[in-house]
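Asker: So I've got this file, query-v5.cif, and it contains mmCIF, C-alpha atoms:
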```
data_query
#
loop_
_atom_site.label_atom_id
_atom_site.label_comp_id
_atom_site.auth_asym_id
_atom_site.auth_seq_id
_atom_site.Cartn_x
_atom_site.Cartn_y
_atom_site.Cartn_z
CA MET G 10 55.18 -18.24 -33.73
CA ASN G 11 54.13 -20.98 -31.43
CA SER G 12 52.18 -23.12 -33.91
CA PRO G 13 51.10 -26.59 -32.82
CA ALA G 14 52.22 -29.57 -34.83
CA GLY G 15 49.96 -30.28 -37.78
CA SER G 16 49.85 -26.70 -38.95
CA LYS G 17 50.51 -26.48 -42.68
CA THR G 18 52.38 -23.21 -42.75
CA PRO G 19 54.59 -22.21 -39.85
CA ASP G 20 53.17 -18.69 -39.67
CA ALA G 21 49.44 -19.51 -39.79
CA LEU G 22 47.63 -20.58 -36.62
CA ALA G 23 46.22 -24.06 -36.88
CA THR G 24 42.44 -24.34 -36.55
CA VAL G 25 40.28 -27.26 -35.52
CA GLU G 26 36.67 -27.84 -36.50
CA LEU G 27 34.32 -27.88 -33.51
CA GLU G 28 30.61 -27.47 -32.90
CA ARG G 29 29.39 -24.20 -31.48
CA VAL G 30 26.19 -24.81 -29.53
CA THR G 31 24.12 -21.71 -28.91
CA ILE G 32 21.24 -21.80 -26.45
CA VAL G 33 18.88 -18.88 -25.91
CA ALA G 34 16.68 -19.57 -22.90
CA GLU G 35 14.80 -18.07 -20.00
CA ALA G 36 17.24 -16.51 -17.55
CA VAL G 37 15.82 -18.56 -14.67
CA LEU G 38 17.26 -21.67 -16.32
CA GLU G 39 20.84 -20.41 -16.46
CA LYS G 40 22.27 -22.46 -13.60
CA ARG G 41 20.53 -25.62 -14.75
CA LEU G 42 21.62 -25.25 -18.35
CA LEU G 43 25.23 -24.73 -17.33
CA GLU G 44 25.07 -27.93 -15.30
CA LEU G 45 23.60 -29.68 -18.32
CA ILE G 46 26.26 -28.59 -20.82
CA SER G 47 29.00 -29.19 -18.32
CA ALA G 48 27.78 -32.75 -17.76
CA ALA G 49 27.71 -33.21 -21.54
CA GLY G 50 31.41 -32.37 -21.74
CA ALA G 51 31.60 -28.60 -22.27
CA ARG G 52 34.70 -27.14 -20.67
CA GLY G 53 33.77 -23.50 -20.92
CA TRP G 54 31.03 -21.16 -22.06
CA THR G 55 30.13 -17.56 -22.76
CA ILE G 56 26.92 -16.05 -21.44
CA GLY G 57 25.14 -12.83 -22.29
CA ASP G 58 21.87 -11.26 -21.20
CA VAL G 59 19.73 -10.82 -24.26
CA ARG G 60 16.27 -9.65 -25.21
CA GLY G 61 14.02 -10.76 -27.98
CA GLU G 62 10.68 -11.90 -29.22
CA GLY G 63 9.46 -15.24 -30.46
CA SER G 64 6.63 -17.74 -30.28
CA ARG G 65 6.49 -17.26 -26.50
CA GLY G 66 6.08 -13.50 -26.82
CA VAL G 67 8.36 -10.61 -25.99
CA ARG G 68 10.96 -11.81 -23.56
CA ALA G 69 12.60 -9.02 -21.59
CA GLY G 70 12.78 -7.75 -18.05
CA GLU G 71 13.83 -9.04 -14.72
CA TRP G 72 11.73 -12.18 -14.48
CA GLN G 73 11.43 -12.86 -18.13
CA GLY G 74 14.90 -12.01 -19.33
CA ASN G 75 16.77 -14.35 -21.61
CA VAL G 76 20.32 -15.59 -21.53
CA LYS G 77 22.34 -16.68 -24.52
CA ILE G 78 24.87 -19.39 -23.79
CA GLU G 79 27.53 -20.35 -26.29
CA THR G 80 29.89 -23.26 -25.91
CA LEU G 81 32.45 -24.96 -28.15
CA VAL G 82 32.28 -28.74 -27.96
CA SER G 83 32.88 -31.96 -29.88
CA GLY G 84 30.17 -33.37 -32.13
CA ALA G 85 29.27 -36.03 -29.57
CA SER G 86 28.86 -33.47 -26.78
CA ALA G 87 26.75 -31.25 -29.02
CA GLU G 88 24.42 -34.16 -29.73
CA ARG G 89 24.16 -34.94 -26.04
CA ILE G 90 23.32 -31.34 -25.20
CA LEU G 91 20.56 -31.18 -27.80
CA THR G 92 19.09 -34.52 -26.72
CA GLU G 93 18.98 -33.40 -23.09
CA LEU G 94 17.47 -30.04 -24.01
CA ALA G 95 14.79 -31.73 -26.09
CA ARG G 96 13.93 -34.10 -23.25
CA GLU G 97 14.01 -31.69 -20.29
CA TYR G 98 13.37 -28.19 -21.55
CA PHE G 99 11.83 -27.82 -25.00
CA PRO G 100 8.32 -28.91 -24.00
CA ARG G 101 7.90 -26.60 -21.02
CA PHE G 102 10.25 -23.65 -21.33
CA ALA G 103 11.16 -20.97 -23.82
CA VAL G 104 14.38 -22.39 -25.26
CA VAL G 105 16.00 -22.04 -28.67
CA ALA G 106 19.09 -24.05 -29.53
CA TYR G 107 21.20 -24.36 -32.62
CA ILE G 108 24.54 -25.70 -33.73
CA ASP G 109 27.00 -24.51 -36.26
CA ARG G 110 30.39 -25.80 -37.23
CA VAL G 111 33.18 -23.37 -36.54
CA ARG G 112 36.93 -23.35 -37.03
CA VAL G 113 38.60 -22.71 -33.73
CA VAL G 114 42.09 -21.57 -32.99
CA ARG G 115 43.76 -23.66 -30.26
CA GLY G 116 40.95 -26.20 -30.57
CA ASP G 117 42.55 -28.63 -28.13
CA LYS G 118 41.48 -26.33 -25.28
CA TYR G 119 37.83 -27.15 -25.80
CA VAL G 120 37.54 -30.91 -26.06
CA MET C 27 -9.75 13.03 7.68
CA ASP C 28 -12.34 11.10 5.67
CA ALA C 29 -11.65 8.17 3.40
CA LEU C 30 -12.00 10.13 0.16
CA GLU C 31 -9.53 12.75 1.31
CA LEU C 32 -7.05 9.98 2.22
CA LEU C 33 -7.54 8.47 -1.23
CA ARG C 34 -6.91 11.85 -2.87
CA ILE C 35 -3.73 12.37 -0.87
CA ASN C 36 -2.52 8.88 -1.75
CA LEU C 37 -3.24 9.31 -5.44
CA THR C 38 -1.31 12.58 -5.57
CA SER C 39 1.80 11.26 -3.77
CA PRO C 40 4.93 11.38 -5.95
CA MET C 41 5.21 7.58 -5.71
CA VAL C 42 1.77 6.85 -7.11
CA LEU C 43 2.07 9.62 -9.71
CA GLY C 44 5.43 8.17 -10.77
CA PHE C 45 3.73 4.80 -11.17
CA ALA C 46 1.05 6.47 -13.28
CA LEU C 47 3.77 8.03 -15.44
CA GLY C 48 5.15 4.56 -16.09
CA ILE C 49 1.70 3.32 -17.09
CA VAL C 50 1.19 6.25 -19.47
CA ALA C 51 4.63 5.65 -20.98
CA ALA C 52 3.88 1.98 -21.62
CA LEU C 53 0.49 2.74 -23.16
CA ALA C 54 2.12 5.38 -25.38
CA LYS C 55 4.75 2.79 -26.40
CA SER C 56 7.50 5.06 -25.10
CA ASP C 57 11.09 3.89 -24.62
CA LEU C 58 11.05 5.07 -20.99
CA ARG C 59 12.06 1.76 -19.38
CA LEU C 60 15.14 1.75 -17.18
CA PRO C 61 17.88 -0.64 -18.25
CA ASP C 62 17.44 -4.03 -16.53
CA GLN C 63 20.67 -3.59 -14.57
CA VAL C 64 19.51 -0.26 -13.18
CA HIS C 65 16.13 -1.75 -12.28
CA SER C 66 17.93 -4.58 -10.56
CA ALA C 67 20.27 -2.18 -8.71
CA LEU C 68 17.37 -0.03 -7.51
CA SER C 69 15.52 -3.10 -6.32
CA SER C 70 18.64 -4.23 -4.41
CA TYR C 71 18.88 -0.78 -2.81
CA LEU C 72 15.24 -0.84 -1.73
CA LEU C 73 15.43 -4.37 -0.32
CA LEU C 74 18.57 -3.65 1.66
CA ALA C 75 17.22 -0.33 2.95
CA ILE C 76 13.99 -1.99 4.10
CA GLY C 77 15.95 -4.80 5.74
CA LEU C 78 18.31 -2.42 7.56
CA LYS C 79 15.43 -0.36 8.92
CA GLY C 80 13.49 -3.45 9.98
CA GLY C 81 16.56 -4.99 11.64
CA ALA C 82 17.41 -1.86 13.60
CA GLU C 83 13.80 -1.68 14.82
CA LEU C 84 13.79 -5.38 15.62
CA ALA C 85 16.74 -4.81 17.95
CA LYS C 86 14.62 -2.41 20.00
CA VAL C 87 11.74 -4.77 20.80
CA SER C 88 11.55 -7.68 23.20
CA PRO C 89 10.82 -11.18 21.86
CA SER C 90 7.52 -11.24 23.76
CA GLU C 91 6.39 -8.09 21.98
CA ILE C 92 6.89 -9.61 18.56
CA ALA C 93 5.64 -13.13 19.36
CA LEU C 94 1.97 -12.49 18.65
CA PRO C 95 2.50 -10.55 15.38
CA ALA C 96 4.93 -13.29 14.26
CA ALA C 97 2.34 -15.96 15.00
CA ALA C 98 -0.26 -13.95 13.06
CA THR C 99 2.18 -13.73 10.13
CA LEU C 100 2.75 -17.47 10.10
CA LEU C 101 -0.99 -18.15 10.30
CA ALA C 102 -1.59 -15.76 7.40
CA GLY C 103 1.26 -17.33 5.43
CA ILE C 104 -0.61 -20.64 5.53
CA LEU C 105 -4.19 -19.38 5.39
CA VAL C 106 -3.94 -16.94 2.47
CA PRO C 107 -2.47 -19.31 -0.14
CA LEU C 108 -4.87 -22.08 0.91
CA ALA C 109 -7.90 -19.80 0.61
CA CYS C 110 -6.69 -18.40 -2.72
CA TYR C 111 -6.06 -21.89 -4.05
CA ALA C 112 -9.54 -23.03 -3.03
CA ALA C 113 -11.16 -20.00 -4.67
CA LEU C 114 -9.18 -20.38 -7.89
CA ARG C 115 -9.68 -24.13 -8.14
CA ARG C 116 -13.32 -24.39 -7.04
CA LEU C 117 -14.86 -21.11 -8.17
CA GLY C 118 -12.57 -20.29 -11.07
CA ARG C 119 -12.08 -23.88 -12.25
CA LEU C 120 -8.45 -23.18 -13.02
CA SER C 121 -6.14 -26.19 -13.38
CA VAL C 122 -4.24 -27.46 -10.34
CA VAL C 123 -0.95 -25.97 -11.53
CA ASP C 124 -2.40 -22.61 -12.50
CA SER C 125 -4.31 -22.38 -9.21
CA SER C 126 -1.15 -23.18 -7.22
CA ALA C 127 0.93 -20.76 -9.26
CA VAL C 128 -1.46 -17.85 -8.71
CA ALA C 129 -1.94 -18.80 -5.03
CA ALA C 130 1.84 -18.74 -4.52
CA HIS C 131 1.94 -15.14 -5.72
CA TYR C 132 -0.92 -14.03 -3.48
CA GLY C 133 0.46 -15.95 -0.50
CA SER C 134 3.74 -14.09 -0.81
CA VAL C 135 4.40 -10.37 -0.35
CA SER C 136 5.09 -7.52 -2.74
CA ILE C 137 7.93 -5.61 -1.11
CA VAL C 138 7.17 -2.47 -3.07
CA THR C 139 3.52 -2.45 -1.98
CA PHE C 140 4.66 -3.06 1.59
CA THR C 141 7.02 -0.10 1.29
CA ALA C 142 4.34 2.11 -0.20
CA ALA C 143 2.08 1.28 2.76
CA GLY C 144 4.92 2.27 5.09
CA THR C 145 5.37 5.65 3.41
CA PHE C 146 1.58 6.17 3.38
CA VAL C 147 1.39 5.54 7.13
CA ASP C 148 4.47 7.72 7.76
CA SER C 149 3.11 10.63 5.80
CA ARG C 150 -0.15 10.44 7.79
CA GLY C 151 2.00 10.91 10.88
CA LEU C 152 0.92 7.53 12.27
CA PRO C 153 3.44 5.50 14.27
CA SER C 154 3.96 1.92 13.14
CA GLU C 155 5.93 -1.11 14.27
CA GLY C 156 9.27 -0.88 12.46
CA TYR C 157 9.95 -4.60 12.86
CA LEU C 158 7.24 -5.43 10.32
CA ALA C 159 9.95 -5.66 7.63
CA ALA C 160 11.27 -8.70 9.49
CA LEU C 161 7.81 -10.23 9.31
CA VAL C 162 7.76 -9.66 5.54
CA ALA C 163 10.79 -11.92 5.24
CA PHE C 164 8.97 -14.37 7.48
CA LEU C 165 5.81 -14.30 5.32
CA GLU C 166 7.52 -14.50 1.95
CA VAL C 167 8.79 -18.06 2.13
CA PRO C 168 5.84 -20.01 3.64
CA GLY C 169 3.42 -18.17 1.36
CA ILE C 170 5.13 -19.54 -1.73
CA MET C 171 5.92 -22.95 -0.25
CA VAL C 172 2.38 -23.74 0.85
CA ALA C 173 1.07 -23.11 -2.65
CA LEU C 174 3.81 -25.20 -4.27
CA ALA C 175 3.19 -27.99 -1.78
CA LEU C 176 -0.46 -27.99 -2.89
CA ALA C 177 0.61 -28.61 -6.47
CA HIS C 178 3.11 -31.17 -5.26
CA SER C 179 0.46 -33.13 -3.38
CA ALA C 180 -1.76 -33.11 -6.46
CA ARG C 181 0.92 -34.32 -8.85
CA ALA C 182 4.34 -35.72 -8.10
CA GLN C 183 6.39 -33.81 -10.67
CA SER C 184 6.84 -30.35 -9.23
CA SER C 185 10.42 -29.76 -8.18
CA TRP C 186 9.57 -27.73 -5.11
CA ARG C 187 12.78 -28.63 -3.34
CA SER C 188 14.94 -26.79 -5.84
CA SER C 189 12.34 -24.06 -5.77
CA LEU C 190 12.76 -23.68 -2.02
CA HIS C 191 16.47 -23.25 -2.64
CA GLU C 192 15.64 -20.63 -5.25
CA VAL C 193 13.42 -18.65 -2.87
CA VAL C 194 15.70 -18.82 0.15
CA THR C 195 18.97 -18.09 -1.63
CA GLY C 196 17.46 -15.74 -4.22
CA LYS C 197 18.76 -12.20 -4.34
CA SER C 198 15.59 -10.59 -3.00
CA ASN C 199 15.36 -12.82 0.04
CA LEU C 200 19.07 -12.66 0.87
CA LEU C 201 19.19 -8.87 0.58
CA LEU C 202 16.14 -8.44 2.78
CA LEU C 203 17.24 -11.03 5.35
CA GLY C 204 20.85 -9.83 5.17
CA GLY C 205 19.71 -6.25 5.72
CA ILE C 206 17.68 -7.32 8.74
CA VAL C 207 20.64 -9.15 10.27
CA ILE C 208 22.99 -6.22 9.57
CA GLY C 209 20.49 -3.70 10.95
CA PHE C 210 19.86 -5.88 14.01
CA LEU C 211 23.54 -6.33 14.82
CA ALA C 212 24.56 -2.75 14.00
CA GLY C 213 21.72 -1.31 16.05
CA ALA C 214 20.56 2.30 16.15
CA ARG C 215 24.04 3.82 15.97
CA GLY C 216 25.04 1.70 13.01
CA ALA C 217 21.79 2.55 11.25
CA GLU C 218 22.50 6.23 11.78
CA ALA C 219 25.91 5.87 10.11
CA VAL C 220 24.38 4.59 6.85
CA ALA C 221 21.23 6.72 7.02
CA PRO C 222 22.48 9.33 4.51
CA LEU C 223 22.41 6.63 1.84
CA PHE C 224 19.64 4.33 3.02
CA VAL C 225 17.10 6.67 4.63
CA ALA C 226 17.22 10.16 3.13
CA PRO C 227 17.07 9.22 -0.60
CA PHE C 228 14.70 6.28 -0.01
CA LYS C 229 11.44 7.84 -1.18
CA GLY C 230 13.10 9.39 -4.20
CA VAL C 231 14.56 6.06 -5.26
CA LEU C 232 11.20 4.41 -4.64
CA THR C 233 9.56 6.95 -6.94
CA LEU C 234 12.09 6.22 -9.68
CA PHE C 235 11.60 2.49 -9.22
CA LEU C 236 7.82 2.88 -9.35
CA ILE C 237 8.01 4.67 -12.70
CA ASP C 238 9.65 1.53 -14.05
CA MET C 239 7.17 -0.72 -12.24
CA GLY C 240 4.28 1.25 -13.75
CA PHE C 241 5.74 0.57 -17.17
CA LEU C 242 6.11 -3.16 -16.43
CA ALA C 243 2.63 -3.40 -14.90
CA ALA C 244 1.01 -1.77 -17.91
CA SER C 245 3.00 -4.02 -20.24
CA ARG C 246 1.32 -7.00 -18.58
CA LEU C 247 -2.10 -5.74 -19.56
CA ARG C 248 -1.66 -6.98 -23.12
CA ASP C 249 -2.27 -10.46 -21.72
CA LEU C 250 -5.54 -9.37 -20.12
CA ARG C 251 -7.61 -11.37 -22.58
CA GLN C 252 -5.81 -14.59 -21.60
CA VAL C 253 -6.57 -13.86 -17.96
CA GLY C 254 -10.35 -13.89 -18.38
CA PRO C 255 -13.11 -12.34 -16.29
CA PHE C 256 -12.77 -14.69 -13.31
CA LEU C 257 -9.09 -14.05 -12.67
CA LEU C 258 -9.59 -10.34 -13.28
CA ALA C 259 -12.26 -10.29 -10.58
CA PHE C 260 -10.06 -12.45 -8.34
CA ALA C 261 -7.16 -10.00 -8.67
CA LEU C 262 -9.42 -7.24 -7.37
CA VAL C 263 -11.40 -9.18 -4.73
CA ALA C 264 -8.51 -11.21 -3.25
CA PRO C 265 -6.67 -8.09 -1.99
CA LEU C 266 -9.89 -6.83 -0.40
CA VAL C 267 -10.55 -10.10 1.42
CA ASN C 268 -6.90 -10.64 2.39
CA GLY C 269 -6.55 -6.99 3.36
CA PHE C 270 -9.56 -7.20 5.63
CA LEU C 271 -8.21 -10.41 7.15
CA GLY C 272 -4.86 -8.67 7.64
CA ALA C 273 -6.42 -5.63 9.32
CA ALA C 274 -8.34 -7.96 11.67
CA LEU C 275 -5.42 -10.33 12.37
CA GLY C 276 -2.97 -7.47 12.83
CA SER C 277 -5.27 -5.63 15.20
CA ALA C 278 -5.92 -8.84 17.15
CA ALA C 279 -2.17 -9.34 17.45
CA GLY C 280 -1.91 -5.93 19.08
CA LEU C 281 -0.51 -3.87 16.20
CA SER C 282 -1.13 -0.11 16.15
CA LEU C 283 -3.39 1.47 13.53
CA GLY C 284 -0.38 2.19 11.32
CA GLY C 285 1.03 -1.30 11.89
CA ALA C 286 -2.29 -3.00 11.14
CA THR C 287 -2.57 -0.98 7.90
CA ILE C 288 0.87 -2.19 6.83
CA PHE C 289 0.11 -5.77 7.93
CA ALA C 290 -3.14 -5.71 5.93
CA THR C 291 -1.19 -4.53 2.89
CA MET C 292 1.33 -7.36 3.34
CA LEU C 293 -1.46 -9.93 3.17
CA ALA C 294 -3.29 -8.16 0.36
CA SER C 295 -0.27 -7.79 -1.88
CA ALA C 296 0.94 -10.33 -4.41
CA SER C 297 4.62 -11.02 -5.02
CA TYR C 298 6.18 -10.46 -8.40
CA ILE C 299 9.88 -10.79 -7.63
CA ALA C 300 10.45 -13.98 -5.62
CA ALA C 301 7.31 -15.89 -6.57
CA PRO C 302 7.54 -15.76 -10.39
CA VAL C 303 11.03 -17.27 -10.40
CA ALA C 304 10.14 -19.98 -7.90
CA VAL C 305 6.93 -20.83 -9.74
CA ARG C 306 8.57 -20.85 -13.16
CA ILE C 307 11.05 -23.45 -11.93
CA ALA C 308 8.66 -25.54 -9.84
CA LEU C 309 5.58 -25.37 -12.06
CA PRO C 310 6.71 -24.79 -15.63
CA GLU C 311 3.33 -25.92 -16.95
CA ALA C 312 1.59 -23.01 -15.25
CA ASN C 313 0.81 -20.15 -17.59
CA PRO C 314 2.96 -17.09 -16.67
CA ALA C 315 0.46 -14.77 -18.36
CA LEU C 316 -2.07 -15.71 -15.67
CA TYR C 317 0.04 -15.16 -12.57
CA LEU C 318 2.08 -12.20 -13.79
CA THR C 319 -0.85 -10.28 -15.21
CA SER C 320 -3.05 -10.79 -12.15
CA SER C 321 -0.35 -10.01 -9.56
CA LEU C 322 1.64 -7.32 -11.37
CA GLY C 323 -0.87 -5.94 -13.87
CA ILE C 324 -3.98 -5.75 -11.68
CA THR C 325 -3.46 -6.34 -7.95
CA PHE C 326 -0.30 -4.24 -7.64
CA PRO C 327 -1.75 -1.01 -9.17
CA PHE C 328 -5.01 -1.58 -7.31
CA ASN C 329 -3.26 -1.84 -3.94
CA LEU C 330 -0.99 1.09 -4.64
CA ALA C 331 -3.76 3.47 -5.66
CA ILE C 332 -6.86 2.36 -3.74
CA GLY C 333 -5.99 -0.63 -1.56
CA ILE C 334 -3.65 1.01 0.94
CA PRO C 335 -5.99 3.87 1.99
CA LEU C 336 -8.81 1.34 2.09
CA PHE C 337 -6.89 -1.06 4.36
CA HIS C 338 -6.22 1.91 6.60
CA GLU C 339 -9.99 2.42 6.79
CA PHE C 340 -10.52 -1.30 7.52
CA ALA C 341 -7.99 -1.14 10.37
CA ARG C 342 -9.50 2.04 11.77
CA TRP C 343 -12.98 0.56 11.64
CA ILE C 344 -11.86 -2.66 13.35
CA GLN C 345 -9.84 -0.89 16.04
CA ASN C 346 -12.69 1.50 16.83
CA ALA C 347 -15.28 -1.27 16.98
#
```
In structure tokens, write the structure found in this file.

Answerer:
Amino acid sequence: MNSPAGSKTPDALATVELERVTIVAEAVLEKRLLELISAAGARGWTIGDVRGEGSRGVRAGEWQGNVKIETLVSGASAERILTELAREYFPRFAVVAYIDRVRVVRGDKYV
Amino acid sequence: MDALELLRINLTSPMVLGFALGIVAALAKSDLRLPDQVHSALSSYLLLAIGLKGGAELAKVSPSEIALPAAATLLAGILVPLACYAALRRLGRLSVVDSSAVAAHYGSVSIVTFTAAGTFVDSRGLPSEGYLAALVAFLEVPGIMVALALAHSARAQSSWRSSLHEVVTGKSNLLLLGGIVIGFLAGARGAEAVAPLFVAPFKGVLTLFLIDMGFLAASRLRDLRQVGPFLLAFALVAPLVNGFLGAALGSAAGLSLGGATIFATMLASASYIAAPVAVRIALPEANPALYLTSSLGITFPFNLAIGIPLFHEFARWIQNA
């Protein structure tokens, strides 16, 4: 087993605590949001097309579709992403964002 | 054939009936909607097919033949959004951003309505200028840009530059323009080679697409209350005024009866593919319920069912006068 140094038991994979930032937003914002999280230090992301309903009404369809972007980042990057979102996007666009702390295998890939 | 007979024939075409099926399905809260990817694929097919046909036809005409219709298109691309903006702002007392947002939709073209006008004219056995698809691409961009520039001049914040990028490089514009270039370069023989895919099934695919559009259009009607009586009236009167202007401008530019009918429909229609994305980015403060419901929920069905035969009557009246 190719465990990194710092792993307690040789057979278990070591995990690192990181922040998972999830953003659900209007699909038209996708490119801009990826630029934003990239500038904040994200080194990768996962995107899916999603549908849903919220305070801005049912959001589905070609012009009104939503994307869900997930990225694993350090605490500082997560803060920066949320601050930017709050400043640029929350007031005028349909955007939901949340953070949770996750344990990530091979955490050094992400920060 | 009198106007009522034309209207009856239009209303019983498979395309319009398919659209009606979509409306019924939405009102009945059915699960009929096509998956978004299929909708998107069908719309790509239609755009490319229209572009290819337009490009192949464009290759057949001389530049001097198209100069006047192109000038009329450019004039309309500036005039229509300005007039719509003035009506919305002055008469309707809508805010600057909402007026610009709605004007951008009416200044641009609905490709599906354009296509429906083409099939209407074809099925009447009228010849029409095939290069009109190239003029659609030509009308789409200035129509949106003029309206966004209006908002920009009123307040500094609108990011119309990135919006221009969005419109020009957007899928719908690139497919249409790309199709025109391919059709133009490949010429008649090239067009014939791809005709089994892009010509023969076209009306069937359009019918399928319109079922989905009917569903989407009817879904917009839940926002009707937000739209209010003025915008409701605007969404019905604007296509009449713009359609009449189009029939007159098209006829003056030398288009045939069929061509002037299609040109009138281009001006009368309101975009709901390119414009909503551009407007959402450039004018996020504008209320999408207003521009989507008026263009997609009201003007689009109106043009499809009643507008097109009516514009044909306008053009006939003008050309006989």

Asker: Excluding stretch 43-54 of chain G and its own-chain neighbours fewer than 4 positions away, which residues fall within 7 Å of it when counting all atoms listed in the file? Please give them as a list in words.

Answerer: Glu39, Ile78, Glu79, Thr80, Leu81, Val82, Ser86, Arg89, Ile90 and Tyr119 of chain G

Asker: Okay, now the selection with C-alpha atoms, as a PDB file, in the coordinates of the input?

Answerer:
```
ATOM      1  CA  GLU G  39      20.840 -20.410 -16.460  1.00  0.00           C
ATOM      2  CA  ILE G  78      24.870 -19.390 -23.790  1.00  0.00           C
ATOM      3  CA  GLU G  79      27.530 -20.350 -26.290  1.00  0.00           C
ATOM      4  CA  THR G  80      29.890 -23.260 -25.910  1.00  0.00           C
ATOM      5  CA  LEU G  81      32.450 -24.960 -28.150  1.00  0.00           C
ATOM      6  CA  VAL G  82      32.280 -28.740 -27.960  1.00  0.00           C
ATOM      7  CA  SER G  86      28.860 -33.470 -26.780  1.00  0.00           C
ATOM      8  CA  ARG G  89      24.160 -34.940 -26.040  1.00  0.00           C
ATOM      9  CA  ILE G  90      23.320 -31.340 -25.200  1.00  0.00           C
ATOM     10  CA  TYR G 119      37.830 -27.150 -25.800  1.00  0.00           C
TER      11      TYR G 119
END
```

Asker: Within 10 Å of chain G, which residues of chain C show up when using only C-alpha atoms, listed as a list in words?

Answerer: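 Here they are: Arg59, Leu60, Pro61, Asp62, Gln63, His65, Ser66, Glu192, Leu242, Tyr298, Ile299, Ala300, Ala301, Pro302, Val303, Ala304, Arg306, Ile307, Leu309, Pro310, Glu311, Ala312, Pro314 and Leu318 of chain C.
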
Asker: Applying the PyMOL selection byres ((chain C and resi 284) around 12) to the file I just gave you, which residues come out? Please list them as a PyMOL selection string.

Answerer: chain C and resi 143-156+158+273+276-277+280-283+285-291+334-335+337-342+345

Asker: Near C:Asp124, counting all atoms listed in the file, which residues have an atom at most 12 Å away, once you skip same-chain residues fewer than 5 positions from it, shown as a VMD selection string?

Answerer: chain C and resid 110 to 112 114 to 115 118 to 119 129 to 131 173 to 174 176 to 177 253 257 305 to 306 308 to 318 320

Asker: Please expand the PyMOL selection byres ((chain C and resi 83) around 10) into the concrete residues it hits in this file, giving the result as a list in words.

Answerer: Gly77, Leu78, Lys79, Gly80, Gly81, Ala82, Leu84, Ala85, Lys86, Val87, Glu155, Gly156, Tyr157, Leu158, Ala159, Ala160, Ile206, Gly209, Phe210, Gly213, Ala214 and Ala217 of chain C

Asker: Could you give me, as a list of chain:residue names, the residues within 12 Å of C:Ala54, counting only C-alpha atoms and dropping anything in the same chain fewer than 5 positions from it?

Answerer: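 The residues satisfying every condition are C:Leu47, C:Gly48, C:Ile49, C:Phe241, C:Ala244, C:Ser245.
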
Asker: What is the distance between atom CA of C:Pro40 and atom CA of C:Ala219, in Å to one decimal?

Answerer: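 Distance between the two atoms: 27.0 Å.
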
Asker: Leaving out C:Thr319 and any residue of its chain fewer than 6 positions from it, which residues lie within 9 Å of it when counting only C-alpha atoms, given as a PyMOL selection string?

Answerer: chain C and resi 243+245-250+253+258+325
